[in-house]
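As structure tokens, the structure follows; a few thoughts come after it.
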Amino acid sequence: MKIEDILKQYHDEWLLIEVEKFDEDYKPIEGKVIAHSPIESEVLNALAKCESKNVALEYTGEIPEDVGVLL
Amino acid sequence: MKTYRLEKYGRLFCTTGAFKGPTGIFTLKLLVDTGASYTLIPWEALEKIEKDYTVPKERVKLSTANGYILAPIKKVEWIHSLGTSFDNFPVVIHNLPAGMFVKGVLGMDFLTRAKATIDIANEQILFSQQ
């Protein structure tokens with residue numbers, strides 16, 4: 001399944017995707033969802049257990065307008 | 001000169017980065033951060049690309065918003081982002097706080113080496129030499 005179609009299916013969630021195809025820039029373009037959750041730790045935990053060789057971590061939410069970032 | 005479009009998240013710029021290790025490739029969204037000395041990935045990413053990794057002994061002292069931390073640094077087989085690739089690239093292994101929408105950072109180590117120019121108004125990044 002195309003990554004762009006996967007991203008449209010899930011809203012405000014973390015996704016762990018097994019990547020089946022990259023473009024020439026190593027951006028994932030095809031894959032399948034291994035785990036999804038609005039709670040990032042659940043998806044990160046799934047990452048530790050998954051056997052897939054090539055994986056992508058994606059977040060489908062937006063940053064709220066009233067939230068800033070300072071690292 | 002090569003130009004790449006950056007992804008805008010609020011007032012921040014992100015892009016996708018790929019990291020290769022002995023056991024696979026991990027891709028994730030990276031915050032393009034000229035305020036970061038190092039490129040950073042989470043522990044889970046290291047575990048994925050290098051299954052039998054040993055905790056890196058080499059550490060770097062980092063000044064963060066919450067004070068100083070000592071974070072491990074480890075070379076990945078290669079990093080690829082924004083059409084640019086570097087072999088044996090050292091990355092800091094550290095988990096950003098929960099609640100952050102990104103789990104990795106593309107820091108000045110990569111941006112400097114890639115000779116990047118960030119065009120904020122046009123939300124793009126330019127590379128003078130590939």
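Ordering of the structure tokens sets the chain letters (A, B, ...), residue numbers begin anew at 1 in every chain, and ligands are numbered from 1 in the order given.
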
List as number ranges by chain the protein and nucleic acid residues near region 61-70 of chain A, meaning an atom at most 10 Å away when only C-alpha atoms are counted, but skip any in the same chain fewer than 2 places from it.
A: 7, 10-14, 38, 58-59; B: 9-12, 35, 64-65, 100-101

For C-alpha atoms, I'd like the residues from the last selection saved as a JSON list (two decimals), in the first residue's frame.
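What ended up in result.json:
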[["chain", "number", "residue", "atom", "x", "y", "z"],
["A", 7, "LEU", "CA", -1.15, 8.35, 6.23],
["A", 10, "TYR", "CA", -4.93, 7.39, 10.38],
["A", 11, "HIS", "CA", -5.36, 10.67, 12.21],
["A", 12, "ASP", "CA", -3.36, 11.89, 15.22],
["A", 13, "GLU", "CA", -1.61, 8.56, 15.58],
["A", 14, "TRP", "CA", 1.87, 7.13, 15.66],
["A", 38, "PRO", "CA", -2.15, 7.67, 19.59],
["A", 58, "GLU", "CA", 5.41, 8.24, 11.27],
["A", 59, "TYR", "CA", 3.15, 10.63, 13.15],
["B", 9, "TYR", "CA", 5.09, 21.75, 11.29],
["B", 10, "GLY", "CA", 3.78, 24.86, 12.94],
["B", 11, "ARG", "CA", 6.81, 27.15, 12.86],
["B", 12, "LEU", "CA", 9.28, 24.31, 12.53],
["B", 35, "GLY", "CA", 20.29, 24.87, 17.28],
["B", 64, "THR", "CA", 19.58, 20.87, 26.82],
["B", 65, "ALA", "CA", 16.68, 22.98, 28.01],
["B", 100, "MET", "CA", 7.11, 15.55, 20.90],
["B", 101, "PHE", "CA", 5.77, 15.05, 17.41]]

At a cut-off of 12 Å, using only C-alpha atoms, what residues contact Arg113 (chain B)? Leave out same-chain residues fewer than 5 positions from it and give the result as a ChimeraX atom specification.
/B:37-39,84-87,89,106-108,127-130

What would the file look like if the residues just selected were written as a compact mmCIF listing (two decimals), in the first residue's frame with C-alpha atoms?
# COMPACT_ATOMS: atom_id res chain seq x y z
CA SER B 37 25.12 20.31 17.35
CA TYR B 38 24.35 16.67 16.61
CA THR B 39 21.95 14.51 14.67
CA THR B 84 22.45 13.66 0.74
CA SER B 85 24.15 10.61 2.14
CA PHE B 86 27.11 10.15 4.47
CA ASP B 87 28.76 6.87 5.44
CA PHE B 89 28.02 9.02 10.36
CA LEU B 106 18.88 16.62 11.91
CA GLY B 107 21.61 18.71 13.47
CA MET B 108 24.38 21.04 12.42
CA PHE B 127 22.83 22.27 -1.26
CA SER B 128 25.68 23.89 -3.13
CA GLN B 129 27.69 20.68 -3.50
CA GLN B 130 26.61 17.06 -3.67

I'd like the contact shell of region 49-62 of chain B - 9 Å cut-off, only C-alpha atoms, skipping same-chain residues fewer than 3 positions apart - returned as a compact mmCIF listing (two decimals) with C-alpha atoms, in the first residue's frame.
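File out.txt, as written:
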# COMPACT_ATOMS: atom_id res chain seq x y z
CA LYS A 53 14.03 -5.39 8.42
CA ASN A 54 13.16 -1.92 7.17
CA PHE B 19 19.55 5.40 9.00
CA LYS B 20 21.20 2.13 8.00
CA GLY B 21 22.73 -0.43 10.32
CA PRO B 22 23.71 -4.10 10.04
CA THR B 23 20.13 -5.31 10.49
CA GLY B 24 18.04 -2.83 8.57
CA ILE B 25 16.99 0.68 7.64
CA PHE B 26 14.98 2.91 9.93
CA SER B 37 25.12 20.31 17.35
CA GLU B 44 14.48 2.17 19.59
CA ALA B 45 15.92 3.15 16.22
CA LEU B 46 19.36 1.90 17.20
CA GLY B 67 20.40 21.03 31.88
CA TYR B 68 23.43 18.98 30.84
CA ILE B 69 23.16 15.34 29.81
CA LEU B 70 25.76 12.78 28.75
CA ALA B 71 24.44 10.98 25.70
CA PRO B 72 25.96 8.03 23.82
CA ILE B 73 27.13 8.65 20.28
CA LYS B 74 27.48 5.88 17.70
CA VAL B 76 25.58 4.31 11.67
CA VAL B 92 23.57 10.75 19.26
CA ILE B 93 21.27 8.15 20.81

Check which residues of chain A sit at most 6 Å from chain B using only C-alpha atoms, and return one row each with the closest pair of atoms and their distance in Å to one decimal, ordered by chain and rising number, as CSV.
residue,atom,partner,partner_atom,distance
A:Asp25,CA,B:Gly83,CA,5.4
A:Lys53,CA,B:Gly24,CA,4.8
A:Asn54,CA,B:Ile25,CA,4.7
A:Val55,CA,B:Phe26,CA,5.1
A:Ala56,CA,B:Thr27,CA,4.6
A:Leu57,CA,B:Leu28,CA,5.0
A:Leu71,CA,B:Ala65,CA,5.6

At what distance in Å, to one decimal, does CA of His94 (chain B) lie from CA of Val19 (chain A)?
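CA of His94 (chain B) lies 23.5 Å from CA of Val19 (chain A).
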
Which of chain A end up as alpha helix (DSSP H) when DSSP is run on this backbone - answer as a list of chain:residue names?
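Those residues are A:Ile3, A:Glu4, A:Asp5, A:Ile6, A:Leu7, A:Lys8, A:Gln9, A:Glu40, A:Ser41, A:Glu42, A:Val43, A:Leu44, A:Asn45, A:Ala46, A:Leu47, A:Ala48, A:Lys49.
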
Keeping only all heavy atoms, take the residues you just selected and write them out as a short mmCIF file (atom, residue, chain, number, x, y, z; two decimals), in the first residue's frame.
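Wrote it out as selection_15.cif, contents follow:
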data_model
loop_
_atom_site.label_atom_id
_atom_site.label_comp_id
_atom_site.auth_asym_id
_atom_site.auth_seq_id
_atom_site.Cartn_x
_atom_site.Cartn_y
_atom_site.Cartn_z
N ILE A 3 2.40 4.73 0.97
CA ILE A 3 2.52 5.40 2.27
C ILE A 3 1.57 6.58 2.35
O ILE A 3 0.93 6.82 3.38
CB ILE A 3 3.98 5.87 2.51
CG1 ILE A 3 4.95 4.67 2.50
CG2 ILE A 3 4.09 6.64 3.82
CD1 ILE A 3 4.79 3.68 3.61
N GLU A 4 1.43 7.33 1.27
CA GLU A 4 0.54 8.50 1.31
C GLU A 4 -0.90 8.08 1.59
O GLU A 4 -1.64 8.80 2.26
CB GLU A 4 0.64 9.31 0.01
CG GLU A 4 0.28 8.53 -1.23
CD GLU A 4 0.56 9.34 -2.51
OE1 GLU A 4 -0.29 10.12 -2.91
OE2 GLU A 4 1.65 9.14 -3.10
N ASP A 5 -1.30 6.89 1.10
CA ASP A 5 -2.66 6.41 1.38
C ASP A 5 -2.78 5.94 2.83
O ASP A 5 -3.81 6.13 3.47
CB ASP A 5 -3.02 5.26 0.43
CG ASP A 5 -3.13 5.75 -1.00
OD1 ASP A 5 -3.51 6.93 -1.19
OD2 ASP A 5 -2.83 4.98 -1.93
N ILE A 6 -1.71 5.32 3.34
CA ILE A 6 -1.71 4.89 4.74
C ILE A 6 -1.88 6.11 5.65
O ILE A 6 -2.69 6.11 6.58
CB ILE A 6 -0.40 4.15 5.09
CG1 ILE A 6 -0.35 2.79 4.38
CG2 ILE A 6 -0.26 3.96 6.60
CD1 ILE A 6 0.98 2.06 4.54
N LEU A 7 -1.12 7.16 5.36
CA LEU A 7 -1.15 8.35 6.23
C LEU A 7 -2.52 9.01 6.25
O LEU A 7 -2.91 9.63 7.24
CB LEU A 7 -0.08 9.35 5.79
CG LEU A 7 1.38 8.85 5.88
CD1 LEU A 7 2.35 9.93 5.43
CD2 LEU A 7 1.73 8.39 7.29
N LYS A 8 -3.25 8.87 5.15
CA LYS A 8 -4.60 9.47 5.09
C LYS A 8 -5.60 8.68 5.94
O LYS A 8 -6.64 9.20 6.34
CB LYS A 8 -5.09 9.50 3.64
CG LYS A 8 -4.45 10.60 2.81
CD LYS A 8 -4.93 10.49 1.37
CE LYS A 8 -4.07 11.37 0.46
NZ LYS A 8 -4.26 11.04 -0.95
N GLN A 9 -5.29 7.42 6.19
CA GLN A 9 -6.25 6.55 6.92
C GLN A 9 -6.22 6.76 8.43
O GLN A 9 -7.16 6.42 9.12
CB GLN A 9 -5.93 5.08 6.65
CG GLN A 9 -6.43 4.61 5.31
CD GLN A 9 -6.24 3.10 5.17
OE1 GLN A 9 -5.86 2.42 6.12
NE2 GLN A 9 -6.51 2.60 3.99
N GLU A 40 2.55 7.15 21.82
CA GLU A 40 3.81 6.84 21.13
C GLU A 40 4.55 5.67 21.75
O GLU A 40 5.18 4.89 21.03
CB GLU A 40 4.70 8.09 21.10
CG GLU A 40 5.13 8.58 22.46
CD GLU A 40 5.97 9.84 22.37
OE1 GLU A 40 5.39 10.91 22.16
OE2 GLU A 40 7.18 9.75 22.53
N SER A 41 4.48 5.51 23.07
CA SER A 41 5.23 4.43 23.72
C SER A 41 4.74 3.05 23.25
O SER A 41 5.52 2.11 23.15
CB SER A 41 5.13 4.54 25.24
OG SER A 41 3.79 4.48 25.66
N GLU A 42 3.46 2.96 22.94
CA GLU A 42 2.93 1.67 22.47
C GLU A 42 3.55 1.30 21.12
O GLU A 42 3.86 0.13 20.86
CB GLU A 42 1.41 1.74 22.34
CG GLU A 42 0.70 1.80 23.68
CD GLU A 42 -0.81 1.82 23.57
OE1 GLU A 42 -1.33 1.78 22.42
OE2 GLU A 42 -1.48 1.86 24.61
N VAL A 43 3.71 2.30 20.28
CA VAL A 43 4.28 2.03 18.96
C VAL A 43 5.79 1.78 19.07
O VAL A 43 6.34 0.90 18.40
CB VAL A 43 3.96 3.20 18.00
CG1 VAL A 43 4.70 3.05 16.68
CG2 VAL A 43 2.46 3.26 17.75
N LEU A 44 6.46 2.52 19.94
CA LEU A 44 7.89 2.29 20.13
C LEU A 44 8.14 0.90 20.72
O LEU A 44 9.11 0.23 20.37
CB LEU A 44 8.50 3.37 21.03
CG LEU A 44 8.58 4.77 20.40
CD1 LEU A 44 9.05 5.80 21.41
CD2 LEU A 44 9.50 4.78 19.18
N ASN A 45 7.26 0.46 21.61
CA ASN A 45 7.39 -0.89 22.16
C ASN A 45 7.19 -1.95 21.06
O ASN A 45 7.87 -2.97 21.03
CB ASN A 45 6.37 -1.12 23.27
CG ASN A 45 6.73 -0.35 24.53
OD1 ASN A 45 7.88 0.06 24.70
ND2 ASN A 45 5.76 -0.11 25.39
N ALA A 46 6.25 -1.68 20.17
CA ALA A 46 6.01 -2.61 19.05
C ALA A 46 7.23 -2.67 18.14
O ALA A 46 7.56 -3.72 17.58
CB ALA A 46 4.78 -2.16 18.26
N LEU A 47 7.93 -1.56 18.04
CA LEU A 47 9.14 -1.52 17.21
C LEU A 47 10.18 -2.50 17.72
O LEU A 47 10.83 -3.21 16.95
CB LEU A 47 9.69 -0.09 17.22
CG LEU A 47 11.03 0.18 16.55
CD1 LEU A 47 10.97 -0.17 15.07
CD2 LEU A 47 11.43 1.63 16.72
N ALA A 48 10.31 -2.56 19.03
CA ALA A 48 11.31 -3.46 19.63
C ALA A 48 11.00 -4.92 19.33
O ALA A 48 11.91 -5.74 19.24
CB ALA A 48 11.36 -3.23 21.13
N LYS A 49 9.73 -5.24 19.16
CA LYS A 49 9.34 -6.64 18.95
C LYS A 49 9.23 -7.03 17.48
O LYS A 49 9.19 -8.21 17.16
CB LYS A 49 7.99 -6.89 19.63
CG LYS A 49 8.05 -6.81 21.15
CD LYS A 49 6.66 -6.83 21.74
CE LYS A 49 6.69 -6.45 23.21
NZ LYS A 49 5.38 -6.02 23.70
#

Please provide as a short mmCIF file (atom, residue, chain, number, x, y, z; two decimals) with N, CA and C atoms, in the first residue's frame all residues within 12 Å of Ile125 (chain B), with the sequence filter that same-chain residues fewer than 5 positions apart are discarded (counting only C-alpha atoms).
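Final output, selection.cif:
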data_model
loop_
_atom_site.label_atom_id
_atom_site.label_comp_id
_atom_site.auth_asym_id
_atom_site.auth_seq_id
_atom_site.Cartn_x
_atom_site.Cartn_y
_atom_site.Cartn_z
N MET B 1 23.43 23.49 -7.88
CA MET B 1 22.64 23.72 -6.66
C MET B 1 21.39 22.84 -6.68
N LYS B 2 21.22 22.04 -5.63
CA LYS B 2 20.02 21.21 -5.53
C LYS B 2 19.10 21.77 -4.44
N THR B 3 17.82 21.70 -4.70
CA THR B 3 16.84 22.26 -3.78
C THR B 3 15.86 21.18 -3.33
N TYR B 4 15.57 21.16 -2.04
CA TYR B 4 14.60 20.21 -1.49
C TYR B 4 13.58 20.95 -0.65
N ARG B 5 12.34 20.54 -0.80
CA ARG B 5 11.25 21.14 -0.03
C ARG B 5 11.27 20.60 1.40
N LEU B 6 11.12 21.50 2.37
CA LEU B 6 11.03 21.09 3.77
C LEU B 6 9.56 20.98 4.16
N GLU B 7 9.28 20.12 5.13
CA GLU B 7 7.91 19.98 5.63
C GLU B 7 7.74 20.93 6.81
N PHE B 13 10.62 23.25 10.83
CA PHE B 13 10.86 22.50 9.60
C PHE B 13 11.27 21.06 9.94
N CYS B 14 10.73 20.14 9.17
CA CYS B 14 11.09 18.73 9.32
C CYS B 14 11.41 18.14 7.96
N THR B 15 12.03 16.99 8.01
CA THR B 15 12.25 16.21 6.81
C THR B 15 12.37 14.74 7.22
N VAL B 32 14.58 19.65 11.60
CA VAL B 32 15.75 20.33 11.05
C VAL B 32 16.12 21.44 12.03
N SER B 81 19.42 11.80 3.94
CA SER B 81 18.34 12.77 4.12
C SER B 81 18.52 13.90 3.11
N LEU B 82 17.42 14.39 2.60
CA LEU B 82 17.45 15.53 1.68
C LEU B 82 18.40 15.29 0.51
N GLY B 83 18.38 14.09 -0.01
CA GLY B 83 19.19 13.77 -1.18
C GLY B 83 20.67 13.67 -0.91
N THR B 84 21.04 13.67 0.36
CA THR B 84 22.45 13.66 0.74
C THR B 84 22.72 12.47 1.65
N LEU B 111 24.09 19.26 8.56
CA LEU B 111 23.80 20.42 7.72
C LEU B 111 25.09 21.12 7.28
N ALA B 114 26.93 18.93 4.74
CA ALA B 114 26.22 18.92 3.47
C ALA B 114 26.22 20.30 2.79
N LYS B 115 26.80 21.28 3.45
CA LYS B 115 26.84 22.65 2.92
C LYS B 115 25.44 23.16 2.59
N ALA B 116 24.58 23.07 3.58
CA ALA B 116 23.17 23.42 3.37
C ALA B 116 22.92 24.90 3.59
N THR B 117 22.00 25.43 2.80
CA THR B 117 21.48 26.78 3.01
C THR B 117 19.98 26.65 3.19
N ILE B 118 19.47 27.12 4.32
CA ILE B 118 18.04 27.01 4.58
C ILE B 118 17.35 28.30 4.15
N ASP B 119 16.39 28.15 3.26
CA ASP B 119 15.61 29.28 2.75
C ASP B 119 14.27 29.25 3.49
N ILE B 120 14.20 30.00 4.57
CA ILE B 120 13.02 29.92 5.44
C ILE B 120 11.77 30.43 4.74
#

Contact residues around Glu30 (chain A) with only C-alpha atoms at 8 Å, ignoring same-chain residues under 2 positions, as JSON, numbers by chain:
{"A": [1, 2, 3, 19, 20, 21, 22, 28, 32]}

Selected residues, C-alpha atoms, written as an mmCIF file, in the first residue's frame, please.
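Final output, result17.cif:
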data_model
loop_
_atom_site.group_PDB
_atom_site.id
_atom_site.type_symbol
_atom_site.label_atom_id
_atom_site.label_comp_id
_atom_site.auth_asym_id
_atom_site.auth_seq_id
_atom_site.Cartn_x
_atom_site.Cartn_y
_atom_site.Cartn_z
ATOM 1 C CA MET A 1 0.000 0.000 0.000
ATOM 2 C CA LYS A 2 1.242 3.501 -0.768
ATOM 3 C CA ILE A 3 2.523 5.400 2.272
ATOM 4 C CA VAL A 19 8.705 -0.456 4.363
ATOM 5 C CA GLU A 20 8.417 -2.452 1.151
ATOM 6 C CA LYS A 21 9.731 0.193 -1.213
ATOM 7 C CA PHE A 22 11.833 3.362 -0.909
ATOM 8 C CA PRO A 28 9.297 5.184 2.182
ATOM 9 C CA LYS A 32 2.164 -1.973 5.511
#

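Those residues of region 25-58 of chain A that DSSP, working from the backbone, places in strand (DSSP E or B) are Pro28, Ile29, Glu30, Gly31, Lys32, Val33, Ile34, Ala35, His36, Ser37, Val55, Ala56, Leu57 and Glu58 of chain A.
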